[in-house]
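Participant: Quick one: structure below, then a few questions.
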Amino acid sequence: MKYTYIFSILIIQILFSCSPNQENENNESLAHVETTKDQHTRANIEEIRTTHLHLELDINFENKTIYGVARHQMSENNIDHAIFDIKGLEIIKTTVGEKEETATDFTISKEDELLGSALTVKIEPGTQFINIYYQTTENSEALDWLPAELTEGKVHPYLYTQGQAILTRSWIPLQDSPMNRITYSADITVPSELIAVMSADNPTEKNAEGEYHFMMKQKIPSYLIALAVGDLVYTSLGENCGIYSEKELADACAYEFGDLPKMISAAEGLYGEYLWDQYDIVMLPYSFPFGGMENPRLTFANPTILAGDRSSTSVIAHELAHSWSGNLVTNATWDDFWLNEGFTVYFENRIMEEIYGKETADVLATIEYQDLTASIKDIENGDFPEDTRLKLELNERNPDEGMTDIAYVKGAFFLRTLENTVGRKKMDVFLNQYFLDHAFQSITTEVFVEDLKTKLLEPTNIDFNIDEWIYQAGLPENHIKIDSKKLAKMIAIAEKANAGKDIFLNDFKGAKRNDFITQEWLTFFRTLSPEVSIKTMEKLDKQFLFSSESNAIIKSDWFKLSAQTHYRAQNVEMQKYLIKIGRRWLIEGIYQILMDSKETVDHDFARETFELAKDGYHFVSRSTIEEVVK
Ligand SMILES: [Zn+2]
């Protein structure tokens with residue numbers, strides 16, 4: 001998510017109240033969306049939709065339970081029932097009416113392991129207000145209740161939610177589909193020593209009552225409703241941006257994200273005004289399953305991006321970019337997930353190029369390409385080889401299975417290749433228009449394809465293999481090739497080591513860990529053969545001190561290599577790392593390599609470590625790793 005600056009009310013009004021002409025155009029381009037069915041919701045959104053949601057919630061850390069009511073304001077309708085998604089929630093009662101409430105009947109369907117249950121509320125045709133009284137349970141998968149020991153301060157507990165893809169229904173009863181966009185408001189009560197923040201306008205200071213009011217006045221999909229509660233302080237980083245963190249991390253955050261105001265201006269320079277007023281970040285505990293999550297106005301971030309050298313700031317460029325791709329223009333269904341992520345990885349790289357130059361951008365894209373080719377191989381050998389297509393078919397599957405390098409990196413390479421074909425200038429004009437035309441809409445891949453054909457390719461008379469890129473498996477031959485000299489040098493050194501040559505005599509003579517940036521080390525580790533000797537591993541460790549490395553990303557790749565080469569002297573450190581960190585991308589590969597080992601001692605080590613670590617993981621990571629070690 002990225003975000004910037006004041007956006008005048010006037011512009012928002014223009015966006016919301018489009019002229020009749022625009023409306024017609026939008027209706028036409030959205031015809032496809034209206035006929036599309038989101039397979040991951042039970043809600044009858046084609047008959048009745050929530051337009052505004054108001055939450056009144058009491059956050060109880062002692063019982064690890066949220067108690068409250070979700071008040072839904074509904075669209076015009078002529079129907080006698082409204083269906084909402086719920087999972088792991090206890091429904092206490094349902095009522096209709098705004099000021100005067102009348103109890104009404106509800107039924108709950110048998111729970112589906114993936115989708116949860118359908119909560120059907122009986123209403124009169126034309127009903128405007130539906131209120132659902134409920135509480136969360138220990139099966140509310142979006143919620144991560146962290147005990148004080150797992151925070152930096154170690155005095156107060158911490159709670160955060162993770163809604164994407166279909167987990168919001170496990171802490172709020174609602175129509176949980178990215179096809180429907182709503183505004184929301186909330187009254188949240190928390191213990192008075194803590195502060196609550198949401199993907200909305202936020203307080204910057206605690207109040208003695210522990211009562212906070214929130215408003216999100218822009219329409220968002222349900223997966224972007226988010227809440228964090230902890231002992232947090234706010235550090236402003238510029239006119240309209242800043243960061244919430246525990247006070248222990250405030251200085252490190254202020255340094256690491258010092259370029260945030262520049263990033264916001266760079267992003268606006270590329271694709272137009274930031275439409276969400278304020279852009280803040282909240283630093284979560286290490287258990288957060290992702291590097292970052294683009295909750296609008298308030299990116300949720302994992303402390304593993306505090307590398308100390310600003311080498312992981314591309315995560316913030318990425319989340320900021322989501323303020324356009326993903327949050328402003330949203331995938332209508334999870335099969336269209338690449339519309340969110342492919343555009344964002346492309347956009348993130350453009351921001352990085354703008355601020356740090358082309359060499360840095362190329363280094364990042366080269367690393368992504370390494371990840372992509374490895375992922376394609378894995379997917380082709382897995383149960384769903386067709387998952388290397390950009391447009392997915394995730395019917396009856398968990399949308400999380402679509403969160404691979406295909407959506408992210410193949411998607412970005414598609415756009416980079418397209419840019420290389422039509423020229424950057426035309427590409428940028430097209431993308432600016434795309435974000436304007438579809439602002440605050442949820443669209444399908446097909447709507448994008450239609451736009452691409454009629455607004456870019458046909459007017460310029462350019463042929464492009466769109467179908468192959470989007471609907472066929474694998475990576476098309478015409479993909480753009482990106483080289484980085486910096487990384488080529490590391491590849492050469494690793495290849496020498498693979499050939500049995502002594503790299504410590506010349507190449508690494510007198511070298512220190514900080515002579516190379518994170519991405520150079522990743523490239524080096526990834527190029528080294530798993531057959532490399534334990535002796536070489538020992539020498540690397542002695543010279544560069546990887547065992548005590550503080551950069552979590554370098555460390556993850558170092559441990560993968562240690563697992564591959566059976567360098568078991570690392571096991572103690574590796575176990576500590578896997579217990580502390582819950583970011584799925586950093587830990588899944590280590591567990592996978594241990595489980596792929598031919599030696600049972602590695603399987604035992606992986607399982608024993610998971611047992612020790614699992615209570616500190618969010619549901620998202622826990623369920624993934626559980627599959628790996630099964
Ligand atoms: Zn993303």
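Convention: chains lettered A, B, ... in structure tokens order; per-chain residue numbering from 1; ligands numbered from 1 as shown.
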Can you list, as a PyMOL selection string, every protein, DNA or RNA residue that comes within 8 Å of range 491-500 of chain A when you count only C-alpha atoms, leaving out same-chain residues fewer than 3 positions away?
Facilitator: chain A and resi 487-488+503+507+523-525+527-529+531-532
Participant: Could you pull out the residues sitting within 7 Å of ligand 1, using only C-alpha atoms and all ligand atoms, and write them as a list of chain:residue names?
Facilitator: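 Based on only C-alpha atoms and all ligand atoms, ligand 1 is surrounded within 7 Å by A:Met293, A:Glu294, A:His318, A:Glu319, A:His322, A:Asn340, A:Glu341, A:Thr344.
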Participant: Would you compute the distance between CA of Ala196 in chain A and CA of Leu249 in chain A? Give it in Å to one decimal.
Facilitator: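 Atom-to-atom, CA of Ala196 in chain A and CA of Leu249 in chain A are spaced 17.7 Å apart.
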Participant: Would you mind telling me which residue in A:Tyr591, A:Phe516, A:Phe440, A:Phe61 lies nearest to Tyr577 in chain A when using only C-alpha atoms?
Facilitator: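 Smallest distance to Tyr577 in chain A is found for A:Tyr591.
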Participant: Excluding Val121 in chain A and any residue of its chain fewer than 5 positions from it, enumerate the residues within 8 Å of it, using only C-alpha atoms, and give them as a list in words.
Facilitator: His81, Ala82, Ile83, Thr94, Thr104, Asp105, Phe106 and Thr107 of chain A
Participant: The selected residues should be written to file as a PDB file, in the first residue's frame (atoms: C-alpha atoms).
Facilitator:
```
ATOM      1  CA  HIS A  81     -33.723 -13.342   3.385  1.00  0.00           C
ATOM      2  CA  ALA A  82     -30.130 -12.122   3.489  1.00  0.00           C
ATOM      3  CA  ILE A  83     -27.234 -14.564   3.616  1.00  0.00           C
ATOM      4  CA  THR A  94     -30.296 -11.167  14.874  1.00  0.00           C
ATOM      5  CA  THR A 104     -35.852 -11.888  13.591  1.00  0.00           C
ATOM      6  CA  ASP A 105     -35.154 -15.571  12.928  1.00  0.00           C
ATOM      7  CA  PHE A 106     -31.938 -16.923  11.536  1.00  0.00           C
ATOM      8  CA  THR A 107     -30.546 -20.297  10.495  1.00  0.00           C
TER       9      THR A 107
END
```
Participant: Of the residues A:Ala365, A:Glu98, A:Tyr346, A:Gln370, which is the one nearest to Leu415 in chain A, using only C-alpha atoms?
Facilitator: A:Tyr346
Participant: Identify, on the basis of only C-alpha atoms, every residue whose closest approach to Asp176 in chain A does not exceed 12 Å; exclude the query and any residue fewer than 3 positions from it along the same chain; express the result as a ChimeraX atom specification.
Facilitator: /A:38-45,49-50,83-87,115-119,163-173,179-182,220-225,332-334
Participant: For Arg622 in chain A, work out the shell of residues within 12 Å, counting only C-alpha atoms and skipping chain neighbours fewer than 5 positions away, then give it as a list of chain:residue names.
Facilitator: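 Contacts, with the query itself left out: A:Glu141, A:Asp144, A:Ser287, A:Phe288, A:Pro289, A:Leu578, A:Ile579, A:Ile581, A:Gly582, A:Arg583, A:Arg584, A:Ile587, A:Glu588, A:Tyr591, A:Phe610, A:Glu611, A:Leu612, A:Ala613, A:Lys614, A:Asp615, A:Gly616, A:Tyr617, A:Glu627, A:Val628, A:Val629, A:Lys630.
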Participant: Between CA of Ala267 in chain A and CA of Ile351 in chain A, measure the distance and give it in Å to one decimal.
Facilitator: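 Value for the CA of Ala267 in chain A-CA of Ile351 in chain A distance: 6.0 Å.
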Participant: What is the distance between CA of His603 in chain A and CA of Ile406 in chain A, in Å to one decimal?
Facilitator: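 These atoms are spaced 28.6 Å apart.
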Participant: Pick out the closest residue to Val96 in chain A from this set: A:Glu520, A:Glu273, A:Glu124, A:Glu205. Count only C-alpha atoms.
Facilitator: A:Glu124
Participant: Give me the residues near Asp309 in chain A as a list in words, where near means some atom within 12 Å (using only C-alpha atoms) and where sequence neighbours in that chain fewer than 2 positions away do not count.
Facilitator: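 Near Asp309 in chain A, the qualifying residues are Ala252, Cys253, Tyr255, Glu256, Phe257, Gly258, Ile305, Leu306, Ala307, Ser311, Ser312, Thr313, Asn514, Phe516, Ile517, Thr518, Ser550 and Asn551 of chain A.
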Participant: Just list the residues in range 276-343 of chain A DSSP gives alpha helix (DSSP H) on the backbone, as a ChimeraX atom specification.
Facilitator: /A:314-321,337-343
Participant: If you count only C-alpha atoms, which residues fall within 10 Å of Asn60 in chain A, apart from same-chain ones fewer than 5 positions away, as a PyMOL selection string?
Facilitator: chain A and resi 65-67+189-191
Participant: Atoms to include: C-alpha atoms. Write the selected residues as a PDB file, in the first residue's frame.
Facilitator:
```pdb
ATOM      1  CA  THR A  65     -12.820 -13.134  22.607  1.00  0.00           C
ATOM      2  CA  ILE A  66     -14.408 -10.261  20.698  1.00  0.00           C
ATOM      3  CA  TYR A  67     -18.016  -9.540  21.736  1.00  0.00           C
ATOM      4  CA  THR A 189     -13.349  -0.858  23.328  1.00  0.00           C
ATOM      5  CA  VAL A 190      -9.959  -2.166  24.490  1.00  0.00           C
ATOM      6  CA  PRO A 191      -8.082  -2.351  27.834  1.00  0.00           C
TER       7      PRO A 191
END
```
Participant: I need the residue nearest Lys247 in chain A from this list: A:Gly153, A:Pro285, A:Gly402, A:Gly342. Use only C-alpha atoms for the distance.
Facilitator: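 Counting only C-alpha atoms, the residue closest to Lys247 in chain A is A:Gly153.
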Participant: Each residue of range 286-385 of chain A lying at most 8 Å from range 470-483 of chain A should get a row with its shortest atom-to-atom pair and the distance in Å to one decimal, counting only C-alpha atoms; could you produce that, ordered by chain and increasing number, as a Markdown table?
Facilitator:
```
| residue | atom | partner | partner_atom | distance |
| --- | --- | --- | --- | --- |
| A:Asp362 | CA | A:Ile482 | CA | 6.5 |
| A:Val363 | CA | A:Asp483 | CA | 7.7 |
| A:Ala365 | CA | A:Ile482 | CA | 7.2 |
| A:Thr366 | CA | A:Ile482 | CA | 6.3 |
| A:Ile376 | CA | A:Gly474 | CA | 6.9 |
| A:Pro385 | CA | A:Ala473 | CA | 7.8 |
```
Participant: Generate the output file for the selected residues, C-alpha atoms, as a compact mmCIF listing (two decimals), in the first residue's frame.
Facilitator:
```txt
# COMPACT_ATOMS: atom_id res chain seq x y z
CA ASP A 362 17.03 -4.77 -11.81
CA VAL A 363 18.59 -6.51 -8.82
CA ALA A 365 13.53 -8.08 -10.53
CA THR A 366 16.32 -10.62 -11.04
CA ILE A 376 7.10 -22.84 -11.86
CA PRO A 385 0.25 -27.94 -12.80
```
Participant: With distances taken over only C-alpha atoms, which of A:Ser533, A:Asn349, A:Thr404, A:Asn202 is nearest to Ala374 in chain A?
Facilitator: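 Answer, going by the shortest atom-to-atom distance: A:Thr404.
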Participant: Nearest to Thr161 in chain A: which of A:Ser199, A:Asn131, A:Asn395, A:Asn461 is it, counting only C-alpha atoms?
Facilitator: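 For Thr161 in chain A, the nearest of the given residues is A:Ser199.
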